[in-house]
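S.K.: Please read through the structure below; I'll follow up with questions.
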Amino acid sequence: MLFQFIRRLSTSPLTRVRHPKLRRSTHYATLTDKDVNFFENLLPRGSVITNPDDCAPYNIDWIKTCQGQSQLVLRPKTVKEVQAILRYCHEHQLAVCPQSGNTGLAGGSVPVFDEIVLSFTSMNSIGDFDENSGVLTTDAGCILQTLDTHVRKFGHTMPIDLGAKGSCLIGGNVATNAGGLRVVRFGSLRSAVLGLEIVLADGSLLDCLTSLRKDNTGVDLKQPFIGSEGILGVITRVALACPLAMPGVGLGFFACSSFEQILSTMRLARRICGETLSAVEFLDESTYNLSLKNLKRAQSPIEPNKFYILIETMSSTEEHAKATLEKLANTALDKEFVTDGTLAQDLTQYQDLWAIRERVPEALVADGYVFKYDFSLPPSRMYKLVEETQQRMKPFSNVRNVTGFGHLGDQNLHLNITVKNGYSDEIKHELEPWLYEWVAKERGSVSAEHGLGLHKSKYLQLNKGEQSLVLMKQMKKMFDPKCILNPYKVLPYQID
Amino acid sequence: MAIRILVGVKRAIDYAVKIQVKSDKTGVVTEGVKHSMNPFDEIAVEEAIRLKEKKVAQEVIAISCGPPQCQETLRTALALGADRAIHVEVAGKDYEMLQPLAISKLIAAVAKKENVDLVLLGKLAIDDDSNQTGQMVAGLLSWPQAVFASKVDIKDKKAEVMREIDGGSETIRVKLPAVITADLRLNQPRFANLPSIQKAKKKPMAKMSPKDLGVDIKPHQEYLSYEEPPKRQGGGRVASVDELISKLKEKGLI
């Protein structure tokens, strides 16, 4: 018993390697049988999970960078249940970790110590879709792909698309202001969120669930909740503007000999493809090779080179989507921006080519322990950082690959370092805080779309001025005075 | 001496599209639906191109029968490496009623006219699943046939073909001229590269009508009705093994 108690005060080995100084706050109560009884009475059978084996998947993130020790997972089905849960936790000073699809990449979605997991997987009834306004109102726990399939029946699509679409939940997407593959076309998710229903830390309901495109009445209270990763309140329902699905798509995949040529091709694509442009992604050689290996494709679909760029077009007619893309391909080849390439001739090729980009995260996990970074940088500096990191990693024999890829159209670089034989402290210290400082110096963002979660919270101040930080802390105090929501994350954590 | 190949490419509803039956049951919805080259024909084209790269073939001619949009499918074949294309235009009502026998007659007529040594086709088209054209072309021409090919070797005007059969494979040898149809495992089609896509625009494409070929395309069969397969009934959950067993007994399954 005592041993167990002591163990709960420190993080699990997986979390500890990255956060050795982190200790459980004494500020929070420890879960008792009385608490568990309360929840068992409150929720229907099956909504309360206490068996350690069944709790395990809720305690670990999918890239296995941190692990919590929560002994209680609650899966409410209604807003009323969520309110009752938070009211109780607020009264009893119990820490809560709100969790959606648990596909986050910054350690924000799993408990750090023994926080109660508040899982939204059971709040999954799809609400109304208004065909006139194109607005979908739905529960926060619906899977992104399920929603996409639903709105496609009406000829619309979700305003966000990302690799984890089969597992991630829309509430989590909004809470983290997730980015993804089509920001070039649809803008950031924030712009598509028209309304939110939020339960605050004390269990009170904040109803901002309108589906209006225009509503200039007072302060837009839902905004701070978008992208704040569950530290201010939990999202229970969302209203989203869904753009029309375009029946015509075109996809080009090109090879370039330098990053400059990648940028030239992107500029050309903006000019030639114009309003049809829907995605601009890039991969470097090592990312590309890892991805082909992971997909078990022996042959490169195009003549290999140092860089690859993927360009997608969408239009109301297939002819138009194809025509602009073909014109781009011809011009880029004539101007020698690209050395080779291909255009998808059917949907199978379209999916096969997209897979090379979309399944990169999987390929990286297969290559070893992953140090994952997600930066916004001026395009001209994006690849410079990868090259400098490659130089810095040269002396380390346990480093397998230093790879750069990402959403070129949104100036978003994903820098990943894969290491054999698991986590290495030496490498971490070689990379951090050097990388974060490098990015801050360029006035980039230390987290473009992944959020801060647990792993990057201490670098928030590098990105934002002191006054911003003070205000953020004041907001946290205002919305969650007892700090029970998603503790230790997003805001730099100070031991009481 | 190197041979000449005629390869058939059908414009079919894309493999990844969910097929919908028209509300009046007279066919499937094709309007506004993505069409691409029939995947088995893609394999046939790839095989023809490989034979050309190995210098076994000296010329590859692609053929497609159907509406003007078939020219797009033919351009894809040209981008993959075919030398020239023949579009037999059949549009409107005639195309809706176009059946495998008529298509076989058209292909056989072109094969004779072009004096080819080999007709390479996909084993079937994924839209109507007929699996008849290759066999009927061989019959009409009185040529040997090797269908469902998973490996093709051509030497001295003879083709050694491994074919997929129930429970294994069979290797046969046929004399050219012959008809071969491609099965899934024959090869992995390539992606057309940019220079070839550009070049394909300049390759010759001949257009002709069934009349030019002296072929009567009148249908011999009448399609009565199209039906969707029955929808899957949703499953249910049971709480225990005992409940499962009693449920199965109830249904008379055990």
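Going through the structure tokens in order, the chains are called A, B, and so on, while each chain numbers its residues from 1 and the ligands are numbered from 1 in the order shown.
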Could you write out as a list of chain:residue names the residues of chain A within 9 Å of chain B, counting only C-alpha atoms?
M.R.: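 Result, ordered by chain then number: A:Pro247, A:Gly248, A:Phe254, A:Pro301, A:Ile302, A:Glu303, A:Thr317, A:Glu318, A:Ala329, A:Asn330, A:Leu333, A:Asp340, A:Gly341, A:Thr342, A:Leu343, A:Ala344, A:Gln345, A:Asp346, A:Leu347, A:Thr348, A:Gln349.
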S.K.: Give me a file of those residues, with N, CA and C atoms, as a tab-separated table (two decimals), in the first residue's frame.
M.R.:
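Done, and the output landed in selection_36.tsv:
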chain	number	residue	atom	x	y	z
A	247	PRO	N	-16.23	17.65	-56.19
A	247	PRO	CA	-16.17	16.35	-56.88
A	247	PRO	C	-14.90	16.16	-57.71
A	248	GLY	N	-14.30	17.27	-58.15
A	248	GLY	CA	-13.10	17.14	-58.98
A	248	GLY	C	-11.84	17.31	-58.15
A	254	PHE	N	5.82	15.55	-57.12
A	254	PHE	CA	6.99	15.95	-57.90
A	254	PHE	C	8.28	15.83	-57.10
A	301	PRO	N	7.59	5.73	-57.00
A	301	PRO	CA	6.71	5.99	-58.14
A	301	PRO	C	7.31	6.97	-59.14
A	302	ILE	N	8.24	7.81	-58.66
A	302	ILE	CA	8.89	8.74	-59.59
A	302	ILE	C	10.40	8.68	-59.39
A	303	GLU	N	11.14	9.25	-60.33
A	303	GLU	CA	12.60	9.29	-60.27
A	303	GLU	C	13.03	10.02	-58.98
A	317	THR	N	-15.55	20.90	-60.97
A	317	THR	CA	-15.50	19.93	-62.08
A	317	THR	C	-14.12	19.27	-62.12
A	318	GLU	N	-14.11	18.03	-62.53
A	318	GLU	CA	-12.85	17.31	-62.59
A	318	GLU	C	-11.92	17.90	-63.64
A	329	ALA	N	2.20	21.30	-63.83
A	329	ALA	CA	3.22	20.27	-64.05
A	329	ALA	C	4.07	20.61	-65.26
A	330	ASN	N	3.43	21.00	-66.35
A	330	ASN	CA	4.16	21.33	-67.57
A	330	ASN	C	5.09	22.53	-67.36
A	333	LEU	N	8.04	21.72	-65.08
A	333	LEU	CA	9.03	20.88	-65.77
A	333	LEU	C	9.83	21.71	-66.77
A	340	ASP	N	11.22	15.38	-61.88
A	340	ASP	CA	10.31	14.34	-62.35
A	340	ASP	C	9.02	14.47	-61.54
A	341	GLY	N	8.05	13.70	-61.91
A	341	GLY	CA	6.79	13.76	-61.19
A	341	GLY	C	5.75	12.89	-61.84
A	342	THR	N	4.60	12.84	-61.20
A	342	THR	CA	3.49	12.08	-61.77
A	342	THR	C	2.19	12.75	-61.36
A	343	LEU	N	1.14	12.49	-62.14
A	343	LEU	CA	-0.19	12.98	-61.80
A	343	LEU	C	-1.07	11.75	-61.59
A	344	ALA	N	-1.83	11.75	-60.50
A	344	ALA	CA	-2.67	10.58	-60.22
A	344	ALA	C	-3.70	10.41	-61.35
A	345	GLN	N	-3.75	9.20	-61.91
A	345	GLN	CA	-4.67	8.96	-63.02
A	345	GLN	C	-6.01	8.42	-62.54
A	346	ASP	N	-6.05	7.89	-61.35
A	346	ASP	CA	-7.32	7.41	-60.81
A	346	ASP	C	-7.29	7.54	-59.29
A	347	LEU	N	-8.39	7.19	-58.64
A	347	LEU	CA	-8.47	7.41	-57.19
A	347	LEU	C	-7.55	6.48	-56.42
A	348	THR	N	-7.25	5.32	-56.99
A	348	THR	CA	-6.32	4.41	-56.31
A	348	THR	C	-4.92	5.04	-56.28
A	349	GLN	N	-4.51	5.59	-57.40
A	349	GLN	CA	-3.21	6.27	-57.42
A	349	GLN	C	-3.23	7.50	-56.51
S.K.: Which residues come within 8 Å of region 306-309 of chain A, counting only C-alpha atoms, excluding same-chain residues fewer than 4 positions away, as a compact mmCIF listing (two decimals) with N, CA and C atoms, in the first residue's frame?
M.R.:
# COMPACT_ATOMS: atom_id res chain seq x y z
N PHE A 253 2.59 14.75 -57.77
CA PHE A 253 3.68 14.42 -56.84
C PHE A 253 4.98 14.64 -57.60
N PHE A 254 5.82 15.55 -57.12
CA PHE A 254 6.99 15.95 -57.90
C PHE A 254 8.28 15.83 -57.10
N ALA A 255 9.38 15.63 -57.81
CA ALA A 255 10.69 15.58 -57.18
C ALA A 255 11.47 16.84 -57.53
N CYS A 256 12.21 17.38 -56.55
CA CYS A 256 13.02 18.58 -56.77
C CYS A 256 14.43 18.33 -56.25
N SER A 257 15.39 19.10 -56.80
CA SER A 257 16.77 18.86 -56.40
C SER A 257 17.19 19.71 -55.21
N SER A 258 16.42 20.74 -54.87
CA SER A 258 16.80 21.56 -53.72
C SER A 258 15.55 22.15 -53.07
N PHE A 259 15.70 22.65 -51.85
CA PHE A 259 14.56 23.24 -51.16
C PHE A 259 14.13 24.54 -51.85
N ILE A 262 11.72 23.64 -54.33
CA ILE A 262 10.44 23.32 -53.69
C ILE A 262 9.62 24.60 -53.51
N VAL A 280 -0.57 21.72 -50.15
CA VAL A 280 0.83 21.82 -50.58
C VAL A 280 1.68 21.23 -49.46
N GLU A 281 2.24 20.07 -49.70
CA GLU A 281 3.00 19.36 -48.67
C GLU A 281 4.40 19.05 -49.19
N PHE A 282 5.36 18.96 -48.29
CA PHE A 282 6.68 18.55 -48.78
C PHE A 282 7.29 17.48 -47.89
N LEU A 283 8.21 16.70 -48.48
CA LEU A 283 8.98 15.70 -47.74
C LEU A 283 10.42 15.79 -48.20
N ASP A 284 11.35 15.55 -47.29
CA ASP A 284 12.72 15.45 -47.75
C ASP A 284 13.05 13.97 -48.03
N GLU A 285 14.25 13.79 -48.58
CA GLU A 285 14.66 12.46 -49.02
C GLU A 285 14.50 11.39 -47.92
N TYR A 288 10.91 10.55 -47.12
CA TYR A 288 10.34 9.82 -48.25
C TYR A 288 10.77 8.35 -48.23
S.K.: Using only C-alpha atoms, which of B:Val90, B:Ala62, B:Ile254, B:Met136 sits nearest Lys211 (chain B)?
M.R.: B:Val90
S.K.: Quick one: of B:Leu213, B:Ile61, B:Asp183, B:Val56, who's nearest to Leu80 (chain B), counting only C-alpha atoms?
M.R.: B:Ile61
S.K.: Excluding Ala138 (chain B) and residues on its chain fewer than 3 positions from it, collect all residues at most 10 Å away from it, counting only C-alpha atoms, and give them as a list in words.
M.R.: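 My list of contacting residues is Ser104, Ala108, Val119, Thr133, Gly134, Gln135, Leu141, Ser142, Trp143, Pro144, Gln145, Ala146, Pro177, Ala178, Val179 and Ile180 of chain B.
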S.K.: Could you write out that same residue set with N, CA and C atoms as an mmCIF file, in the first residue's frame?
M.R.:
data_model
loop_
_atom_site.group_PDB
_atom_site.id
_atom_site.type_symbol
_atom_site.label_atom_id
_atom_site.label_comp_id
_atom_site.auth_asym_id
_atom_site.auth_seq_id
_atom_site.Cartn_x
_atom_site.Cartn_y
_atom_site.Cartn_z
ATOM 1 N N SER B 104 -16.401 -7.152 -78.500
ATOM 2 C CA SER B 104 -15.491 -8.186 -79.003
ATOM 3 C C SER B 104 -15.369 -8.099 -80.520
ATOM 4 N N ALA B 108 -11.986 -7.360 -82.462
ATOM 5 C CA ALA B 108 -11.521 -8.346 -83.447
ATOM 6 C C ALA B 108 -11.300 -7.683 -84.806
ATOM 7 N N VAL B 119 -3.531 -9.769 -78.790
ATOM 8 C CA VAL B 119 -4.526 -8.877 -78.183
ATOM 9 C C VAL B 119 -4.430 -9.085 -76.674
ATOM 10 N N THR B 133 -15.216 -10.633 -72.845
ATOM 11 C CA THR B 133 -14.655 -10.041 -74.054
ATOM 12 C C THR B 133 -13.435 -10.803 -74.580
ATOM 13 N N GLY B 134 -12.475 -11.076 -73.701
ATOM 14 C CA GLY B 134 -11.258 -11.767 -74.152
ATOM 15 C C GLY B 134 -11.589 -13.078 -74.845
ATOM 16 N N GLN B 135 -12.433 -13.858 -74.202
ATOM 17 C CA GLN B 135 -12.794 -15.165 -74.737
ATOM 18 C C GLN B 135 -13.498 -15.032 -76.089
ATOM 19 N N LEU B 141 -11.904 -14.522 -83.774
ATOM 20 C CA LEU B 141 -10.715 -14.527 -84.638
ATOM 21 C C LEU B 141 -10.193 -15.942 -84.889
ATOM 22 N N SER B 142 -10.770 -16.901 -84.183
ATOM 23 C CA SER B 142 -10.247 -18.277 -84.207
ATOM 24 C C SER B 142 -8.783 -18.314 -83.790
ATOM 25 N N TRP B 143 -8.445 -17.517 -82.762
ATOM 26 C CA TRP B 143 -7.084 -17.511 -82.217
ATOM 27 C C TRP B 143 -7.083 -18.275 -80.892
ATOM 28 N N PRO B 144 -5.951 -18.788 -80.490
ATOM 29 C CA PRO B 144 -5.894 -19.391 -79.160
ATOM 30 C C PRO B 144 -6.033 -18.328 -78.071
ATOM 31 N N GLN B 145 -6.493 -18.755 -76.913
ATOM 32 C CA GLN B 145 -6.640 -17.799 -75.810
ATOM 33 C C GLN B 145 -5.942 -18.295 -74.547
ATOM 34 N N ALA B 146 -5.384 -17.352 -73.803
ATOM 35 C CA ALA B 146 -4.773 -17.663 -72.498
ATOM 36 C C ALA B 146 -5.309 -16.616 -71.536
ATOM 37 N N PRO B 177 -0.712 -15.596 -83.613
ATOM 38 C CA PRO B 177 -1.458 -14.617 -82.830
ATOM 39 C C PRO B 177 -2.387 -15.260 -81.804
ATOM 40 N N ALA B 178 -2.557 -14.548 -80.687
ATOM 41 C CA ALA B 178 -3.373 -15.080 -79.604
ATOM 42 C C ALA B 178 -3.999 -13.938 -78.800
ATOM 43 N N VAL B 179 -4.915 -14.334 -77.912
ATOM 44 C CA VAL B 179 -5.531 -13.364 -76.992
ATOM 45 C C VAL B 179 -5.110 -13.729 -75.569
ATOM 46 N N ILE B 180 -4.588 -12.749 -74.838
ATOM 47 C CA ILE B 180 -4.224 -12.975 -73.435
ATOM 48 C C ILE B 180 -5.008 -11.981 -72.573
#
S.K.: Just how far from CA of Arg84 (chain B) is CA of Lys52 (chain B), in Å to one decimal?
M.R.: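 Result for CA of Lys52 (chain B) versus CA of Arg84 (chain B): 13.3 Å, one decimal.
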S.K.: Determine, counting only C-alpha atoms, which protein, DNA and RNA residues have an atom within 12 Å of an atom of Gln58 (chain B); residues of the same chain fewer than 5 positions away are not included. Present the result as a list in words.
M.R.: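 With the cut-off at 12 Å, the set is Met1, Ala2, Ile3, Arg4, Ile5, Leu6, Ala48, Ile49, Arg50, Leu51, Lys52, Glu53, Gly81, Ala82, Asp83, Val116, Asp117 and Leu118 of chain B.
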S.K.: Could you write out that same residue set with N, CA and C atoms as a PDB file, in the first residue's frame?
M.R.:
ATOM      1  N   MET B   1      11.545 -11.783 -84.758  1.00  0.00           N
ATOM      2  CA  MET B   1      10.926 -10.510 -85.110  1.00  0.00           C
ATOM      3  C   MET B   1       9.958 -10.043 -84.031  1.00  0.00           C
ATOM      4  N   ALA B   2      10.066  -8.790 -83.772  1.00  0.00           N
ATOM      5  CA  ALA B   2       9.228  -8.262 -82.676  1.00  0.00           C
ATOM      6  C   ALA B   2       7.756  -8.198 -83.091  1.00  0.00           C
ATOM      7  N   ILE B   3       6.891  -8.339 -82.089  1.00  0.00           N
ATOM      8  CA  ILE B   3       5.461  -8.430 -82.370  1.00  0.00           C
ATOM      9  C   ILE B   3       4.742  -7.090 -82.183  1.00  0.00           C
ATOM     10  N   ARG B   4       3.478  -7.043 -82.620  1.00  0.00           N
ATOM     11  CA  ARG B   4       2.655  -5.847 -82.427  1.00  0.00           C
ATOM     12  C   ARG B   4       1.475  -6.228 -81.534  1.00  0.00           C
ATOM     13  N   ILE B   5       1.200  -5.350 -80.581  1.00  0.00           N
ATOM     14  CA  ILE B   5       0.185  -5.671 -79.570  1.00  0.00           C
ATOM     15  C   ILE B   5      -0.971  -4.676 -79.622  1.00  0.00           C
ATOM     16  N   LEU B   6      -2.191  -5.212 -79.546  1.00  0.00           N
ATOM     17  CA  LEU B   6      -3.373  -4.366 -79.377  1.00  0.00           C
ATOM     18  C   LEU B   6      -3.849  -4.544 -77.941  1.00  0.00           C
ATOM     19  N   ALA B  48       2.041  -4.896 -71.689  1.00  0.00           N
ATOM     20  CA  ALA B  48       2.401  -4.575 -73.079  1.00  0.00           C
ATOM     21  C   ALA B  48       3.634  -3.679 -73.117  1.00  0.00           C
ATOM     22  N   ILE B  49       3.658  -2.672 -72.216  1.00  0.00           N
ATOM     23  CA  ILE B  49       4.797  -1.748 -72.183  1.00  0.00           C
ATOM     24  C   ILE B  49       6.080  -2.494 -71.790  1.00  0.00           C
ATOM     25  N   ARG B  50       5.936  -3.410 -70.832  1.00  0.00           N
ATOM     26  CA  ARG B  50       7.121  -4.176 -70.416  1.00  0.00           C
ATOM     27  C   ARG B  50       7.637  -5.027 -71.569  1.00  0.00           C
ATOM     28  N   LEU B  51       6.708  -5.600 -72.350  1.00  0.00           N
ATOM     29  CA  LEU B  51       7.136  -6.405 -73.507  1.00  0.00           C
ATOM     30  C   LEU B  51       7.856  -5.527 -74.522  1.00  0.00           C
ATOM     31  N   LYS B  52       7.395  -4.279 -74.612  1.00  0.00           N
ATOM     32  CA  LYS B  52       8.063  -3.369 -75.542  1.00  0.00           C
ATOM     33  C   LYS B  52       9.456  -2.998 -75.011  1.00  0.00           C
ATOM     34  N   GLU B  53       9.543  -2.764 -73.702  1.00  0.00           N
ATOM     35  CA  GLU B  53      10.840  -2.421 -73.113  1.00  0.00           C
ATOM     36  C   GLU B  53      11.837  -3.566 -73.258  1.00  0.00           C
ATOM     37  N   GLY B  81       2.887   4.634 -71.981  1.00  0.00           N
ATOM     38  CA  GLY B  81       3.887   4.162 -72.934  1.00  0.00           C
ATOM     39  C   GLY B  81       3.358   3.553 -74.228  1.00  0.00           C
ATOM     40  N   ALA B  82       2.026   3.496 -74.409  1.00  0.00           N
ATOM     41  CA  ALA B  82       1.500   2.993 -75.683  1.00  0.00           C
ATOM     42  C   ALA B  82       1.917   3.947 -76.802  1.00  0.00           C
ATOM     43  N   ASP B  83       2.057   3.414 -78.040  1.00  0.00           N
ATOM     44  CA  ASP B  83       2.566   4.240 -79.132  1.00  0.00           C
ATOM     45  C   ASP B  83       1.477   5.065 -79.811  1.00  0.00           C
ATOM     46  N   VAL B 116      -2.290  -7.314 -85.901  1.00  0.00           N
ATOM     47  CA  VAL B 116      -1.479  -7.482 -84.696  1.00  0.00           C
ATOM     48  C   VAL B 116      -1.232  -8.966 -84.402  1.00  0.00           C
ATOM     49  N   ASP B 117      -0.236  -9.221 -83.547  1.00  0.00           N
ATOM     50  CA  ASP B 117       0.106 -10.598 -83.192  1.00  0.00           C
ATOM     51  C   ASP B 117      -0.490 -11.001 -81.851  1.00  0.00           C
ATOM     52  N   LEU B 118      -0.884  -9.970 -81.072  1.00  0.00           N
ATOM     53  CA  LEU B 118      -1.361 -10.274 -79.720  1.00  0.00           C
ATOM     54  C   LEU B 118      -2.412  -9.248 -79.321  1.00  0.00           C
TER      55      LEU B 118
END
S.K.: Pick from A:Leu31, A:Ala363, A:Val338, A:Leu485: nearest to Glu260 (chain A), with only C-alpha atoms counted?
M.R.: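 So, comparing all the options, the nearest one is A:Val338.
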S.K.: Quick one, how far is CA of Ser47 (chain A) from CA of Gly127 (chain A)?
M.R.: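 These atoms are spaced 21.5 Å apart.
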S.K.: Find the residue from A:Asp207, A:Asp130, A:Asp53, A:Glu362 that sits nearest to Gly155 (chain A); use only C-alpha atoms when measuring.
M.R.: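 Ranking A:Asp207, A:Asp130, A:Asp53, A:Glu362 by distance to Gly155 (chain A), first place goes to A:Asp130.
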S.K.: Could you pull out the strand (DSSP E) residues of region 38-221 of chain B, going by DSSP on the backbone, and write them as JSON, numbers by chain?
M.R.: {"B": [57, 58, 59, 60, 61, 62, 63, 64, 65, 66, 84, 85, 86, 87, 88, 89, 118, 119, 120, 121, 122, 145, 146, 147, 148, 149, 150, 151, 152, 153, 154, 155, 158, 159, 160, 161, 162, 163, 164, 165, 168, 169, 170, 171, 172, 173, 174, 175, 178, 179, 180, 181, 182, 205, 206, 207, 208]}
S.K.: Keeping only C-alpha atoms, write the selected residues as a compact mmCIF listing (two decimals), in the first residue's frame.
M.R.:
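Wrote out12.txt, looks like this:
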# COMPACT_ATOMS: atom_id res chain seq x y z
CA ALA B 57 7.12 -5.97 -78.93
CA GLN B 58 7.78 -3.26 -81.47
CA GLU B 59 4.46 -1.43 -81.23
CA VAL B 60 1.67 -1.09 -78.68
CA ILE B 61 -1.71 0.17 -79.87
CA ALA B 62 -4.38 1.07 -77.30
CA ILE B 63 -8.05 0.77 -78.13
CA SER B 64 -11.17 1.98 -76.35
CA CYS B 65 -14.82 1.79 -77.41
CA GLY B 66 -17.24 4.37 -76.01
CA ARG B 84 -0.78 5.21 -80.59
CA ALA B 85 -4.46 4.98 -79.85
CA ILE B 86 -7.68 4.04 -81.59
CA HIS B 87 -10.96 5.42 -80.35
CA VAL B 88 -14.05 3.63 -81.63
CA GLU B 89 -16.75 6.14 -80.86
CA LEU B 118 -1.36 -10.27 -79.72
CA VAL B 119 -4.53 -8.88 -78.18
CA LEU B 120 -3.97 -8.08 -74.50
CA LEU B 121 -7.01 -7.30 -72.37
CA GLY B 122 -7.95 -7.10 -68.72
CA GLN B 145 -6.64 -17.80 -75.81
CA ALA B 146 -4.77 -17.66 -72.50
CA VAL B 147 -7.01 -16.00 -69.93
CA PHE B 148 -6.34 -14.99 -66.27
CA ALA B 149 -2.61 -14.63 -66.95
CA SER B 150 -0.29 -14.13 -63.99
CA LYS B 151 2.95 -14.48 -65.98
CA VAL B 152 3.69 -14.06 -69.66
CA ASP B 153 6.81 -15.11 -71.60
CA ILE B 154 6.97 -14.61 -75.32
CA LYS B 155 9.58 -16.28 -77.51
CA LYS B 158 4.92 -18.47 -78.92
CA ALA B 159 3.58 -17.33 -75.57
CA GLU B 160 4.09 -19.27 -72.38
CA VAL B 161 1.42 -18.15 -69.96
CA MET B 162 0.94 -19.00 -66.32
CA ARG B 163 -2.76 -18.72 -65.54
CA GLU B 164 -4.63 -18.54 -62.31
CA ILE B 165 -7.02 -21.43 -61.84
CA GLY B 168 -3.36 -23.06 -58.04
CA SER B 169 -1.87 -22.17 -61.36
CA GLU B 170 -1.44 -23.75 -64.75
CA THR B 171 1.13 -23.01 -67.43
CA ILE B 172 0.12 -23.25 -71.06
CA ARG B 173 1.79 -22.47 -74.35
CA VAL B 174 -0.12 -20.79 -77.17
CA LYS B 175 0.95 -19.90 -80.68
CA ALA B 178 -3.37 -15.08 -79.60
CA VAL B 179 -5.53 -13.36 -76.99
CA ILE B 180 -4.22 -12.98 -73.43
CA THR B 181 -6.22 -11.51 -70.53
CA ALA B 182 -4.50 -10.11 -67.46
CA MET B 205 -5.12 9.02 -81.88
CA ALA B 206 -7.35 7.68 -84.65
CA LYS B 207 -11.11 7.95 -84.38
CA MET B 208 -13.49 5.56 -86.11
S.K.: Could you check how far CA of Cys97 (chain A) sits from CA of Ser109 (chain A), in Å to one decimal?
M.R.: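 Value for the CA of Cys97 (chain A)-CA of Ser109 (chain A) distance: 7.1 Å.
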S.K.: Might you pull out every residue within 10 Å of region 386-389 of chain A, with only C-alpha atoms counted and same-chain residues fewer than 2 positions away left off, and present them as a PyMOL selection string?
M.R.: chain A and resi 284+381-384+391-394+402-405+413-417+430-431+434-435
S.K.: Would you export the selected residues with N, CA and C atoms as a compact mmCIF listing (two decimals), in the first residue's frame, please?
M.R.:
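Dumped to selection-v8.txt:
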# COMPACT_ATOMS: atom_id res chain seq x y z
N ASP A 284 11.35 15.55 -47.29
CA ASP A 284 12.72 15.45 -47.75
C ASP A 284 13.05 13.97 -48.03
N ARG A 381 13.54 29.86 -44.13
CA ARG A 381 14.37 29.36 -43.04
C ARG A 381 14.03 27.91 -42.65
N MET A 382 12.90 27.43 -43.19
CA MET A 382 12.40 26.13 -42.75
C MET A 382 13.43 25.01 -42.84
N TYR A 383 14.04 24.88 -44.01
CA TYR A 383 14.91 23.72 -44.15
C TYR A 383 16.30 23.95 -43.57
N LYS A 384 16.65 25.22 -43.39
CA LYS A 384 17.93 25.56 -42.76
C LYS A 384 18.00 24.88 -41.38
N GLN A 391 23.52 18.43 -38.82
CA GLN A 391 24.92 18.66 -38.43
C GLN A 391 25.14 18.33 -36.96
N ARG A 392 24.23 18.85 -36.15
CA ARG A 392 24.33 18.69 -34.69
C ARG A 392 24.22 17.24 -34.25
N MET A 393 23.49 16.44 -35.03
CA MET A 393 23.25 15.04 -34.66
C MET A 393 24.34 14.11 -35.19
N LYS A 394 25.19 14.64 -36.06
CA LYS A 394 26.23 13.80 -36.70
C LYS A 394 27.06 12.97 -35.73
N VAL A 402 17.36 12.17 -39.25
CA VAL A 402 16.86 13.51 -38.96
C VAL A 402 16.05 13.92 -40.17
N THR A 403 14.74 14.02 -39.99
CA THR A 403 13.88 14.20 -41.15
C THR A 403 13.07 15.48 -41.07
N GLY A 404 12.82 16.07 -42.23
CA GLY A 404 11.98 17.26 -42.32
C GLY A 404 10.87 17.03 -43.33
N PHE A 405 9.66 17.35 -42.94
CA PHE A 405 8.53 17.31 -43.87
C PHE A 405 7.48 18.25 -43.30
N LEU A 413 6.72 23.27 -40.38
CA LEU A 413 7.72 22.22 -40.52
C LEU A 413 7.56 21.16 -39.43
N HIS A 414 7.56 19.91 -39.82
CA HIS A 414 7.65 18.82 -38.84
C HIS A 414 9.08 18.29 -38.88
N LEU A 415 9.78 18.51 -37.79
CA LEU A 415 11.16 18.05 -37.69
C LEU A 415 11.16 16.85 -36.75
N ASN A 416 11.71 15.74 -37.20
CA ASN A 416 11.71 14.54 -36.37
C ASN A 416 13.10 13.91 -36.34
N ILE A 417 13.48 13.47 -35.17
CA ILE A 417 14.76 12.79 -35.01
C ILE A 417 14.45 11.40 -34.48
N GLU A 430 20.99 17.92 -26.33
CA GLU A 430 21.64 18.51 -27.49
C GLU A 430 20.58 19.29 -28.32
N LEU A 431 19.33 18.79 -28.28
CA LEU A 431 18.27 19.40 -29.09
C LEU A 431 17.54 20.53 -28.38
N TRP A 434 18.05 24.26 -27.48
CA TRP A 434 18.63 24.87 -28.68
C TRP A 434 17.60 25.09 -29.79
N LEU A 435 16.82 24.05 -30.11
CA LEU A 435 15.84 24.15 -31.19
C LEU A 435 14.80 25.24 -30.91
S.K.: So which residues of region 79-169 of chain B fall under helix (DSSP H, G or I) by DSSP, listed as JSON, numbers by chain?
M.R.: {"B": [79, 80, 92, 93, 94, 95, 96, 100, 101, 102, 103, 104, 105, 106, 107, 108, 109, 110, 111, 112, 113, 114, 133, 134, 135, 136, 137, 138, 139, 140, 141]}
S.K.: So that I can check the surroundings of Tyr223 (chain B), please list as a ChimeraX atom specification every protein, DNA and RNA residue that reaches within 9 Å of it, counting only C-alpha atoms and ignoring chain neighbours fewer than 5 positions away.
M.R.: /B:26-27,97
S.K.: Might you pull out every residue within 9 Å of His455 (chain A), with only C-alpha atoms counted and same-chain residues fewer than 3 positions away left off, and present them as a PyMOL selection string?
M.R.: chain A and resi 18-19+106-108+452+458-459+489-490
S.K.: For a quick check of understanding, using only C-alpha atoms, which of B:Gly167, B:Leu176, B:Cys70, B:Gly8 has the smallest distance to Asn115 (chain B)?
M.R.: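 Of B:Gly167, B:Leu176, B:Cys70, B:Gly8, the one nearest Asn115 (chain B) is B:Leu176, counting only C-alpha atoms.
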